[in-house]
>>> print(open('query.txt').read())   # compact mmCIF, C-alpha atoms
# COMPACT_ATOMS: atom_id res chain seq x y z
CA MET A 1 -14.50 -60.15 -35.29
CA SER A 2 -13.52 -57.71 -32.54
CA LYS A 3 -10.63 -55.26 -32.79
CA THR A 4 -7.05 -56.46 -32.86
CA PHE A 5 -5.16 -56.32 -29.58
CA ASP A 6 -1.43 -55.90 -29.22
CA ALA A 7 -1.36 -58.67 -26.64
CA ALA A 8 -3.84 -61.12 -25.18
CA VAL A 9 -3.24 -62.85 -21.85
CA ILE A 10 -5.20 -66.01 -21.14
CA GLY A 11 -5.87 -66.57 -17.45
CA ALA A 12 -6.55 -64.15 -14.60
CA GLY A 13 -4.64 -65.89 -11.86
CA ILE A 14 -1.79 -63.94 -10.35
CA ILE A 15 0.70 -64.75 -13.13
CA GLY A 16 -1.69 -63.72 -15.88
CA ALA A 17 -2.66 -60.56 -13.99
CA ALA A 18 0.97 -59.65 -13.28
CA THR A 19 1.94 -60.24 -16.92
CA ALA A 20 -0.89 -58.07 -18.24
CA ALA A 21 -0.02 -55.29 -15.80
CA GLU A 22 3.67 -55.47 -16.76
CA LEU A 23 2.77 -55.25 -20.46
CA CYS A 24 0.73 -52.12 -19.77
CA ARG A 25 3.62 -50.55 -17.86
CA ARG A 26 6.18 -51.32 -20.56
CA HIS A 27 3.99 -50.42 -23.51
CA PRO A 28 1.60 -47.60 -22.54
CA GLY A 29 0.11 -47.44 -26.03
CA TRP A 30 -0.68 -51.14 -26.32
CA GLN A 31 -4.19 -52.54 -26.25
CA VAL A 32 -4.01 -55.46 -23.78
CA LEU A 33 -6.73 -58.08 -23.38
CA VAL A 34 -7.15 -60.51 -20.48
CA LEU A 35 -9.50 -63.46 -20.96
CA GLU A 36 -10.59 -65.53 -17.96
CA LYS A 37 -13.03 -68.44 -18.17
CA GLU A 38 -14.25 -68.03 -14.58
CA SER A 39 -16.57 -65.29 -13.36
CA ALA A 40 -13.88 -63.77 -11.13
CA PRO A 41 -10.08 -63.79 -10.89
CA ALA A 42 -7.86 -66.17 -8.92
CA ARG A 43 -10.42 -68.95 -8.63
CA HIS A 44 -7.96 -71.85 -8.70
CA GLN A 45 -4.31 -72.10 -7.63
CA THR A 46 -3.92 -68.41 -6.76
CA GLY A 47 -6.96 -68.37 -4.49
CA ARG A 48 -6.45 -71.82 -2.94
CA ASN A 49 -2.91 -71.73 -1.61
CA SER A 50 -1.37 -70.95 1.78
CA GLY A 51 -0.82 -67.25 1.09
CA VAL A 52 2.91 -67.59 1.81
CA ILE A 53 5.58 -65.20 0.54
CA HIS A 54 8.39 -67.70 0.11
CA SER A 55 12.06 -66.92 0.68
CA GLY A 56 13.61 -69.33 -1.84
CA VAL A 57 15.44 -71.56 0.61
CA TYR A 58 14.53 -74.89 -1.04
CA TYR A 59 15.29 -74.38 -4.69
CA THR A 60 18.19 -75.53 -6.85
CA PRO A 61 20.86 -72.80 -6.88
CA GLY A 62 20.98 -71.05 -10.23
CA SER A 63 17.50 -72.22 -11.23
CA LEU A 64 14.83 -69.85 -12.47
CA LYS A 65 12.83 -70.73 -9.36
CA ALA A 66 15.62 -69.73 -6.98
CA ARG A 67 16.34 -66.44 -8.71
CA LEU A 68 12.77 -65.32 -9.34
CA CYS A 69 11.60 -66.33 -5.88
CA ARG A 70 14.30 -64.23 -4.25
CA GLU A 71 13.40 -61.27 -6.47
CA GLY A 72 9.69 -61.94 -6.02
CA LEU A 73 9.83 -61.84 -2.24
CA GLU A 74 11.23 -58.31 -2.26
CA GLN A 75 8.93 -57.14 -5.06
CA THR A 76 5.82 -58.61 -3.43
CA TYR A 77 6.48 -56.81 -0.15
CA ALA A 78 7.16 -53.56 -2.02
CA TYR A 79 4.11 -53.85 -4.28
CA CYS A 80 1.71 -54.64 -1.45
CA ARG A 81 3.00 -51.82 0.74
CA ALA A 82 2.74 -49.37 -2.16
CA LYS A 83 -0.85 -50.47 -2.87
CA GLY A 84 -1.94 -50.62 0.77
CA ILE A 85 -2.44 -54.41 0.66
CA ALA A 86 -2.06 -56.11 4.03
CA VAL A 87 1.21 -58.02 4.28
CA GLU A 88 3.21 -59.36 7.22
CA GLN A 89 6.77 -60.62 7.53
CA ARG A 90 6.33 -63.42 10.08
CA GLY A 91 9.34 -65.63 9.41
CA LYS A 92 9.35 -69.40 8.95
CA LEU A 93 10.65 -72.23 11.12
CA LEU A 94 11.69 -75.49 9.47
CA VAL A 95 11.46 -77.90 12.39
CA ALA A 96 13.36 -81.19 12.73
CA THR A 97 11.42 -83.61 14.91
CA HIS A 98 13.53 -86.76 14.43
CA GLN A 99 17.27 -87.37 14.56
CA GLU A 100 17.43 -88.42 10.91
CA GLU A 101 16.05 -85.01 9.87
CA LEU A 102 19.00 -83.08 11.30
CA PRO A 103 21.30 -83.83 8.31
CA ARG A 104 18.49 -82.58 6.03
CA LEU A 105 18.38 -79.40 8.11
CA ASP A 106 22.15 -79.05 7.61
CA ALA A 107 21.63 -79.40 3.86
CA LEU A 108 18.88 -76.77 3.88
CA GLU A 109 21.14 -74.40 5.81
CA ASP A 110 23.78 -74.84 3.11
CA ARG A 111 21.15 -74.39 0.40
CA ALA A 112 19.97 -71.16 2.04
CA ALA A 113 23.51 -69.81 1.94
CA GLN A 114 23.90 -70.74 -1.74
CA ASN A 115 20.61 -68.97 -2.54
CA GLU A 116 21.56 -65.91 -0.49
CA VAL A 117 18.68 -66.47 1.91
CA THR A 118 19.30 -65.35 5.50
CA ALA A 119 18.84 -68.29 7.88
CA GLU A 120 19.41 -68.80 11.58
CA ARG A 121 20.04 -72.24 13.08
CA LEU A 122 18.16 -72.84 16.33
CA ASP A 123 18.83 -75.55 18.89
CA GLN A 124 16.03 -77.08 20.92
CA ARG A 125 16.15 -74.40 23.62
CA ALA A 126 16.15 -71.52 21.13
CA LEU A 127 13.29 -73.12 19.21
CA HIS A 128 11.24 -73.25 22.42
CA ARG A 129 12.02 -69.59 23.13
CA HIS A 130 10.71 -68.57 19.71
CA GLU A 131 7.68 -70.89 19.72
CA PRO A 132 6.76 -72.39 23.13
CA HIS A 133 4.05 -74.63 21.62
CA VAL A 134 6.34 -76.16 18.98
CA ALA A 135 8.33 -79.33 19.71
CA GLY A 136 11.49 -80.31 17.88
CA LEU A 137 15.18 -81.12 18.13
CA GLY A 138 16.11 -77.96 16.31
CA ALA A 139 15.02 -75.65 13.53
CA LEU A 140 16.11 -73.36 10.76
CA ARG A 141 14.60 -69.88 11.06
CA ILE A 142 14.00 -67.96 7.82
CA PRO A 143 13.05 -64.42 8.89
CA ALA A 144 12.13 -63.12 5.41
CA THR A 145 9.10 -65.39 4.89
CA GLY A 146 5.75 -63.60 5.00
CA ILE A 147 2.02 -63.83 4.40
CA VAL A 148 -0.39 -62.03 2.09
CA ASP A 149 -3.76 -62.51 0.39
CA TYR A 150 -2.83 -63.24 -3.22
CA VAL A 151 -6.42 -62.77 -4.40
CA THR A 152 -6.32 -59.15 -3.24
CA MET A 153 -3.00 -58.70 -4.98
CA THR A 154 -4.38 -60.21 -8.20
CA ARG A 155 -7.34 -57.84 -8.15
CA ALA A 156 -4.97 -54.88 -7.71
CA LEU A 157 -2.92 -55.98 -10.75
CA LEU A 158 -6.05 -56.33 -12.89
CA ALA A 159 -7.20 -52.89 -11.76
CA GLU A 160 -3.90 -51.54 -13.09
CA VAL A 161 -4.65 -53.12 -16.46
CA GLU A 162 -8.09 -51.53 -16.64
CA THR A 163 -6.77 -48.15 -15.49
CA ALA A 164 -4.23 -48.32 -18.31
CA GLY A 165 -7.04 -48.88 -20.84
CA GLY A 166 -6.77 -52.66 -21.03
CA THR A 167 -9.74 -55.01 -21.26
CA VAL A 168 -10.43 -57.73 -18.67
CA GLN A 169 -13.19 -60.13 -19.68
CA PHE A 170 -14.55 -62.85 -17.40
CA GLY A 171 -16.64 -65.82 -18.41
CA ALA A 172 -14.56 -66.09 -21.59
CA ARG A 173 -13.19 -69.58 -22.06
CA LEU A 174 -10.65 -69.93 -24.87
CA ASP A 175 -12.02 -72.63 -27.19
CA ASP A 176 -9.66 -72.34 -30.14
CA LEU A 177 -6.50 -70.55 -31.11
CA THR A 178 -5.34 -70.28 -34.72
CA ARG A 179 -2.68 -68.40 -36.64
CA ASP A 180 -3.92 -66.09 -39.40
CA GLY A 181 -1.89 -63.59 -41.38
CA GLY A 182 0.74 -62.99 -38.72
CA GLU A 183 -1.83 -62.66 -35.95
CA TRP A 184 -3.60 -65.03 -33.61
CA VAL A 185 -7.35 -65.52 -33.69
CA LEU A 186 -8.81 -66.37 -30.30
CA GLY A 187 -12.20 -68.03 -30.20
CA THR A 188 -14.50 -67.86 -27.20
CA LYS A 189 -18.19 -68.62 -27.00
CA GLY A 190 -19.87 -66.08 -29.27
CA THR A 191 -16.81 -63.83 -29.74
CA ARG A 192 -13.55 -63.92 -31.64
CA PHE A 193 -10.58 -61.69 -30.98
CA ARG A 194 -7.35 -61.00 -32.84
CA ALA A 195 -4.03 -60.41 -31.15
CA ALA A 196 -0.48 -59.88 -32.31
CA ARG A 197 0.85 -61.73 -29.26
CA VAL A 198 -0.68 -64.30 -26.95
CA ILE A 199 0.55 -65.26 -23.47
CA LEU A 200 -0.98 -68.41 -21.99
CA CYS A 201 -1.14 -68.45 -18.19
CA GLY A 202 -3.55 -71.34 -17.78
CA GLY A 203 -2.39 -72.96 -14.55
CA LEU A 204 -4.14 -76.31 -14.24
CA GLN A 205 -5.00 -76.21 -17.97
CA SER A 206 -1.58 -75.04 -19.12
CA ASP A 207 -0.57 -78.18 -21.05
CA ARG A 208 -3.87 -78.20 -22.96
CA LEU A 209 -3.54 -74.52 -23.85
CA ALA A 210 0.04 -75.09 -25.01
CA ARG A 211 -1.10 -77.90 -27.30
CA MET A 212 -3.92 -75.70 -28.61
CA ALA A 213 -1.26 -73.19 -29.63
CA GLY A 214 0.77 -75.86 -31.43
CA LEU A 215 3.41 -76.10 -28.70
CA HIS A 216 3.71 -79.85 -28.62
CA SER A 217 5.26 -81.46 -25.59
CA ASP A 218 5.27 -84.87 -23.93
CA LEU A 219 4.86 -83.15 -20.59
CA ARG A 220 1.50 -83.44 -18.85
CA ILE A 221 -0.21 -81.60 -16.00
CA LEU A 222 -1.28 -83.89 -13.17
CA PRO A 223 -3.31 -82.27 -10.39
CA PHE A 224 -2.47 -83.05 -6.76
CA ARG A 225 -5.14 -82.03 -4.26
CA GLY A 226 -4.14 -80.54 -0.93
CA ASP A 227 -6.62 -80.47 1.96
CA TYR A 228 -6.54 -77.55 4.40
CA TYR A 229 -7.97 -77.27 7.89
CA THR A 230 -8.32 -74.23 10.09
CA LEU A 231 -7.76 -73.88 13.85
CA PRO A 232 -10.41 -72.46 16.22
CA PRO A 233 -10.16 -68.82 17.36
CA ASP A 234 -8.77 -69.81 20.77
CA LYS A 235 -5.78 -71.42 19.00
CA ALA A 236 -5.18 -68.55 16.57
CA GLN A 237 -2.18 -67.36 18.60
CA ILE A 238 -0.60 -70.78 19.12
CA VAL A 239 2.30 -69.81 16.81
CA HIS A 240 3.65 -66.58 15.39
CA HIS A 241 5.96 -68.00 12.72
CA LEU A 242 4.96 -70.24 9.84
CA ILE A 243 5.84 -73.75 11.03
CA TYR A 244 7.02 -76.30 8.46
CA PRO A 245 8.37 -79.83 8.76
CA VAL A 246 11.73 -80.64 7.19
CA PRO A 247 10.76 -81.72 3.65
CA ASP A 248 11.66 -85.00 2.04
CA PRO A 249 14.15 -84.06 -0.71
CA ALA A 250 12.81 -86.83 -2.96
CA LEU A 251 9.36 -85.24 -3.11
CA PRO A 252 8.19 -81.91 -4.58
CA PHE A 253 5.79 -81.14 -1.72
CA LEU A 254 6.70 -79.35 1.49
CA GLY A 255 4.51 -81.25 3.93
CA VAL A 256 1.66 -80.21 6.22
CA HIS A 257 2.45 -76.88 7.85
CA LEU A 258 0.89 -74.32 10.20
CA THR A 259 0.34 -70.99 8.48
CA PRO A 260 -0.91 -67.81 10.14
CA MET A 261 -3.13 -66.11 7.57
CA ILE A 262 -3.46 -62.42 6.89
CA ASP A 263 -7.04 -62.47 8.25
CA GLY A 264 -5.81 -63.62 11.68
CA SER A 265 -6.68 -67.31 11.35
CA ILE A 266 -4.27 -70.25 11.16
CA THR A 267 -4.54 -72.94 8.52
CA VAL A 268 -3.13 -76.45 8.65
CA GLY A 269 -2.03 -78.10 5.41
CA PRO A 270 -1.77 -79.10 2.71
CA ASN A 271 -1.20 -82.77 2.08
CA ALA A 272 -0.84 -84.00 -1.53
CA VAL A 273 -2.95 -86.68 -3.21
CA LEU A 274 -3.72 -87.26 -6.89
CA SER A 275 -6.97 -85.61 -7.99
CA LEU A 276 -9.15 -87.00 -10.77
CA ALA A 277 -10.52 -83.52 -11.51
CA ARG A 278 -8.15 -80.68 -12.33
CA GLU A 279 -10.57 -78.07 -11.04
CA GLY A 280 -12.61 -80.21 -8.62
CA TYR A 281 -11.91 -79.83 -4.92
CA GLY A 282 -13.97 -82.47 -3.16
CA LYS A 283 -12.34 -85.66 -1.91
CA PHE A 284 -14.17 -87.69 -4.54
CA SER A 285 -14.36 -85.12 -7.36
CA LEU A 286 -14.25 -86.76 -10.77
CA ASN A 287 -13.94 -85.25 -14.22
CA PRO A 288 -14.02 -88.08 -16.79
CA ARG A 289 -11.74 -86.32 -19.25
CA ASP A 290 -9.20 -85.40 -16.56
CA ALA A 291 -9.33 -88.87 -15.03
CA LEU A 292 -8.82 -90.70 -18.33
CA GLN A 293 -5.93 -88.47 -19.34
CA ALA A 294 -4.23 -88.82 -15.96
CA LEU A 295 -4.73 -92.57 -15.53
CA GLY A 296 -3.76 -93.26 -19.13
CA TYR A 297 -0.50 -91.35 -18.88
CA PRO A 298 2.51 -93.64 -18.27
CA GLY A 299 4.39 -90.93 -16.40
CA LEU A 300 1.83 -91.04 -13.61
CA TRP A 301 2.38 -94.72 -12.85
CA ARG A 302 6.15 -94.35 -13.03
CA THR A 303 6.01 -91.48 -10.56
CA LEU A 304 3.71 -93.29 -8.14
CA GLY A 305 5.82 -96.44 -8.40
CA ARG A 306 8.92 -94.54 -7.28
CA HIS A 307 7.31 -93.29 -4.08
CA PRO A 308 4.92 -96.02 -2.82
CA ARG A 309 5.30 -95.19 0.88
CA ALA A 310 4.72 -91.49 0.34
CA VAL A 311 1.69 -92.20 -1.87
CA ALA A 312 0.17 -94.46 0.81
CA ALA A 313 0.84 -91.92 3.57
CA GLU A 314 -0.72 -89.04 1.63
CA LEU A 315 -3.77 -91.10 0.76
CA ALA A 316 -4.20 -92.09 4.41
CA SER A 317 -4.05 -88.43 5.48
CA ALA A 318 -6.69 -87.56 2.88
CA LEU A 319 -9.08 -90.25 4.12
CA SER A 320 -8.49 -89.92 7.87
CA ARG A 321 -8.54 -86.68 9.86
CA ARG A 322 -6.83 -88.53 12.70
CA ARG A 323 -3.91 -89.49 10.45
CA TYR A 324 -3.76 -85.91 9.21
CA LEU A 325 -3.59 -84.66 12.80
CA LYS A 326 -0.60 -86.91 13.52
CA LEU A 327 1.37 -85.15 10.81
CA VAL A 328 1.02 -81.79 12.52
CA GLN A 329 1.31 -83.20 16.07
CA ARG A 330 4.90 -84.14 15.26
CA TYR A 331 5.84 -80.50 15.79
CA CYS A 332 2.74 -79.09 17.54
CA PRO A 333 1.66 -81.81 20.00
CA GLY A 334 -0.88 -79.62 21.80
CA LEU A 335 -3.39 -79.75 18.94
CA THR A 336 -6.31 -82.16 19.14
CA LEU A 337 -8.76 -83.64 16.67
CA SER A 338 -11.45 -81.14 17.66
CA ASP A 339 -9.09 -78.31 16.65
CA LEU A 340 -9.22 -79.26 12.98
CA THR A 341 -12.12 -77.76 11.04
CA ARG A 342 -12.20 -78.42 7.32
CA HIS A 343 -11.28 -75.24 5.48
CA HIS A 344 -10.83 -75.77 1.74
CA ALA A 345 -8.79 -77.75 -0.75
CA GLY A 346 -6.56 -76.66 -3.59
CA ASN A 347 -5.10 -78.47 -6.59
CA ARG A 348 -1.46 -78.04 -7.52
CA ALA A 349 -0.59 -78.32 -11.21
CA GLN A 350 2.42 -80.64 -11.29
CA VAL A 351 4.10 -81.18 -14.65
CA ILE A 352 5.36 -84.73 -15.21
CA GLY A 353 7.21 -86.32 -18.12
CA ARG A 354 6.42 -89.69 -19.69
CA ASP A 355 9.40 -91.12 -17.83
CA GLY A 356 7.82 -90.13 -14.51
CA ARG A 357 10.19 -87.23 -13.98
CA LEU A 358 8.70 -84.36 -11.99
CA VAL A 359 9.52 -81.05 -13.65
CA ASP A 360 10.79 -78.82 -10.89
CA ASP A 361 11.74 -75.49 -12.44
CA PHE A 362 9.47 -72.91 -14.01
CA THR A 363 8.97 -73.86 -17.66
CA ILE A 364 7.98 -71.45 -20.43
CA LEU A 365 7.46 -72.52 -24.07
CA ARG A 366 7.45 -70.24 -27.12
CA ARG A 367 6.72 -70.17 -30.81
CA GLU A 368 5.88 -67.39 -33.25
CA GLY A 369 3.83 -64.85 -31.37
CA VAL A 370 2.76 -67.13 -28.52
CA THR A 371 4.27 -67.73 -25.08
CA ALA A 372 2.99 -70.46 -22.77
CA VAL A 373 3.70 -70.75 -19.06
CA LEU A 374 3.68 -74.53 -18.82
CA ASN A 375 5.00 -75.18 -15.33
CA ALA A 376 4.58 -72.63 -12.55
CA PRO A 377 4.17 -74.44 -9.22
CA SER A 378 4.98 -72.90 -5.85
CA PRO A 379 6.60 -70.40 -5.39
CA ALA A 380 4.91 -68.99 -8.51
CA ALA A 381 2.64 -66.63 -6.55
CA THR A 382 5.63 -65.18 -4.69
CA SER A 383 7.51 -64.96 -7.99
CA ALA A 384 4.63 -63.58 -10.08
CA LEU A 385 6.03 -60.07 -10.58
CA PRO A 386 9.50 -61.16 -11.79
CA ILE A 387 7.95 -64.03 -13.81
CA ALA A 388 5.87 -61.37 -15.57
CA ALA A 389 8.96 -59.27 -16.23
CA HIS A 390 10.78 -62.36 -17.50
CA ILE A 391 7.94 -63.18 -19.92
CA CYS A 392 7.69 -59.58 -21.15
CA GLY A 393 11.45 -59.53 -21.72
CA MET A 394 11.08 -62.58 -23.95
CA ILE A 395 8.44 -61.01 -26.15
CA ASP A 396 9.63 -57.39 -26.30
>>> encode(input="query.txt", output="structure tokens")
Amino acid sequence: MSKTFDAAVIGAGIIGAATAAELCRRHPGWQVLVLEKESAPARHQTGRNSGVIHSGVYYTPGSLKARLCREGLEQTYAYCRAKGIAVEQRGKLLVATHQEELPRLDALEDRAAQNEVTAERLDQRALHRHEPHVAGLGALRIPATGIVDYVTMTRALLAEVETAGGTVQFGARLDDLTRDGGEWVLGTKGTRFRAARVILCGGLQSDRLARMAGLHSDLRILPFRGDYYTLPPDKAQIVHHLIYPVPDPALPFLGVHLTPMIDGSITVGPNAVLSLAREGYGKFSLNPRDALQALGYPGLWRTLGRHPRAVAAELASALSRRRYLKLVQRYCPGLTLSDLTRHHAGNRAQVIGRDGRLVDDFTILRREGVTAVLNAPSPAATSALPIAAHICGMID
């Protein structure tokens, strides 16, 4: 049995890294442990997203998402500039391409005002002035939106932990978690640790980790894969802003968008299709355990049954590059099939109830000495620093 730690954080994605760093800042004398099953940090959701610093325009006013995203945007810019991490404030355009999307744009403008997000309404002429290669009837411009490499930011947070005397251990999968004498015993292959407090930041495995800790819930993680493409170098200047379609308010996904990346490239994506492997990223990846648990969960079928057209459209875009291209040609008609080079895919951990309800807000569960981040979808990376402060405030 190794020494007893004051706190153990499971998962070295950006939320786990931010939480461990915040613990070290708040409690300089604490021994903090970070366990990560992969050989490096940010291997899943953190390292496979669009790298967007979100503004908080979409989220329900008063929700944890809305508040922490707004705080997270400012803190992410400040943290990256203080650490010398490349970051750019590009701004986002939400583009309406059909007449029926204009009322949705009105609603988003109202939502931006409620969430204290600065937004500028553009007509067709103003849209063309901002982005000559983008077609649309109008747009909402969100100047605060930015881009960053969240993997670099995660590494910087973990470096803080180590500098403060904390321990970061890779290749350490948590196999069991038991309560013993007021402490938690954490079992990994070949090693057991003790900790007074445990914070579970398991991303795609978050529901399983919560159940391991005795936090029983009917909620289940279902992974939705998003495919990304990248544009060729000669199209890397086709837009300056991040270009998004107007989202369908009935769905939790934002649609295929154009995103300038911090390395100078532009990615296209993601779509959203059910994956049968939580941590598998190929089109036909299959993990038997993940597949059986997903397909045997009644909430999945209730969710899919509520949105048959959207399910069919997303599946078509996953199977056909030509159909995928049509999604982005709605607002950037100058792109062609030869411009799309497969980049990578990422799986989003979506929490769903047995009734098929999609859990929208950040969800954190607690019991004696253990805190589990159960639901942390986008904009969790943007919100990582205030999420960490929120968690630490709960356990202080």
>>> closest_residue(input="query.txt", among="A:Arg322, A:Arg309, A:Lys65, A:Lys37", to="Val168 of chain A", atoms="all atoms listed in the file")
A:Lys37
>>> closest_residue(input="query.txt", among="A:Cys332, A:Leu358, A:Val246, A:Leu177", to="Ala195 of chain A", atoms="only C-alpha atoms")
A:Leu177
>>> residues_near_point(input="query.txt", point="(-3.5, -54.9, -1.3)", cutoff="9 Å", atoms="all atoms listed in the file", output="list in words")
Tyr79, Cys80, Arg81, Ala82, Lys83, Gly84, Ile85, Ala86, Val87, Val148, Asp149, Tyr150, Val151, Thr152, Met153, Thr154, Arg155 and Ala156 of chain A
>>> write_last_selection(input="query.txt", atoms="C-alpha atoms", output="short mmCIF file (atom, residue, chain, number, x, y, z; two decimals), keeping the file's coordinate frame")
data_model
loop_
_atom_site.label_atom_id
_atom_site.label_comp_id
_atom_site.auth_asym_id
_atom_site.auth_seq_id
_atom_site.Cartn_x
_atom_site.Cartn_y
_atom_site.Cartn_z
CA TYR A 79 4.11 -53.85 -4.28
CA CYS A 80 1.71 -54.64 -1.45
CA ARG A 81 3.00 -51.82 0.74
CA ALA A 82 2.74 -49.37 -2.16
CA LYS A 83 -0.85 -50.47 -2.87
CA GLY A 84 -1.94 -50.62 0.77
CA ILE A 85 -2.44 -54.41 0.66
CA ALA A 86 -2.06 -56.11 4.03
CA VAL A 87 1.21 -58.02 4.28
CA VAL A 148 -0.39 -62.03 2.09
CA ASP A 149 -3.76 -62.51 0.39
CA TYR A 150 -2.83 -63.24 -3.22
CA VAL A 151 -6.42 -62.77 -4.40
CA THR A 152 -6.32 -59.15 -3.24
CA MET A 153 -3.00 -58.70 -4.98
CA THR A 154 -4.38 -60.21 -8.20
CA ARG A 155 -7.34 -57.84 -8.15
CA ALA A 156 -4.97 -54.88 -7.71
#
>>> closest_atom_pairs(input="query.txt", of="segment 322-387 of chain A", to="segment 2-19 of chain A", cutoff="7 Å", atoms="all atoms listed in the file", output="Markdown table")
| residue | atom | partner | partner_atom | distance |
| --- | --- | --- | --- | --- |
| A:Ala381 | CA | A:Ile14 | CA | 6.4 |
| A:Ala384 | CA | A:Ile15 | CA | 5.1 |
| A:Leu385 | CA | A:Ala18 | CA | 5.8 |
>>> closest_atom_pairs(input="query.txt", of="segment 339-372 of chain A", to="segment 207-231 of chain A", cutoff="9 Å", atoms="all atoms listed in the file", output="tab-separated table")
residue	atom	partner	partner_atom	distance
A:Asp339	CA	A:Leu231	CA	5.4
A:Leu340	CA	A:Tyr229	CA	5.6
A:Thr341	CA	A:Tyr229	CA	5.2
A:Arg342	CA	A:Tyr229	CA	4.4
A:His343	CA	A:Tyr229	CA	4.6
A:His344	CA	A:Tyr228	CA	5.4
A:Ala345	CA	A:Asp227	CA	4.4
A:Gly346	CA	A:Gly226	CA	5.3
A:Asn347	CA	A:Arg225	CA	4.3
A:Arg348	CA	A:Phe224	CA	5.2
A:Ala349	CA	A:Pro223	CA	4.9
A:Gln350	CA	A:Leu222	CA	5.3
A:Val351	CA	A:Ile221	CA	4.5
A:Ile352	CA	A:Arg220	CA	5.5
A:Gly353	CA	A:Leu219	CA	4.7
A:Arg354	CA	A:Asp218	CA	6.5
A:Val359	CA	A:Leu219	CA	8.6
A:Leu365	CA	A:Leu215	CA	7.1
A:Arg366	CA	A:Leu215	CA	7.3
A:Arg367	CA	A:Leu215	CA	7.1
A:Val370	CA	A:Ala213	CA	7.4
A:Thr371	CA	A:Ala210	CA	8.5
A:Ala372	CA	A:Ala210	CA	5.9
>>> residues_around(input="query.txt", residues="Thr60 of chain A", least_positions_apart="5", cutoff="9 Å", atoms="all atoms listed in the file", output="PyMOL selection string")
chain A and resi 65-66+111+115+361
>>> atom_distance(input="query.txt", atom1="atom CA of Thr118 of chain A", atom2="atom CA of Pro143 of chain A")
7.2 Å
>>> atom_distance(input="query.txt", atom1="atom CA of Leu108 of chain A", atom2="atom CA of Tyr58 of chain A")
6.8 Å
>>> closest_residue(input="query.txt", among="A:Cys201, A:Gly171, A:Ser275, A:Ala164", to="Asn287 of chain A", atoms="all atoms listed in the file")
A:Ser275
>>> closest_residue(input="query.txt", among="A:Val32, A:Val185, A:Leu315, A:Ala20", to="Thr167 of chain A", atoms="all atoms listed in the file")
A:Val32
>>> residues_around(input="query.txt", residues="Leu68 of chain A", least_positions_apart="3", cutoff="6 Å", atoms="all atoms listed in the file", output="MDAnalysis selection string")
chainID A and resid 64:65 71:72 383 386
>>> residues_near_point(input="query.txt", point="(-4.0, -64.5, 14.1)", cutoff="10 Å", atoms="only C-alpha atoms", output="list in words")
Pro233, Asp234, Lys235, Ala236, Gln237, Ile238, Val239, His240, Thr259, Pro260, Met261, Ile262, Asp263, Gly264, Ser265 and Ile266 of chain A
>>> atom_distance(input="query.txt", atom1="atom CA of Gly91 of chain A", atom2="atom CA of Ala135 of chain A")
17.2 Å
>>> closest_residue(input="query.txt", among="A:Gly182, A:Pro379, A:Pro288, A:Gly296", to="Thr145 of chain A", atoms="all atoms listed in the file")
A:Pro379
>>> closest_residue(input="query.txt", among="A:Gly166, A:Gly181, A:Gly146, A:Gly305", to="Gly369 of chain A", atoms="all atoms listed in the file")
A:Gly181
>>> residues_around(input="query.txt", residues="Thr363 of chain A", least_positions_apart="6", cutoff="7 Å", atoms="all atoms listed in the file", output="PDB file with C-alpha atoms, in the coordinates of the input")
ATOM      1  CA  VAL A 373       3.700 -70.750 -19.060  1.00  0.00           C
ATOM      2  CA  LEU A 374       3.680 -74.530 -18.820  1.00  0.00           C
ATOM      3  CA  ASN A 375       5.000 -75.180 -15.330  1.00  0.00           C
ATOM      4  CA  ALA A 376       4.580 -72.630 -12.550  1.00  0.00           C
TER       5      ALA A 376
END
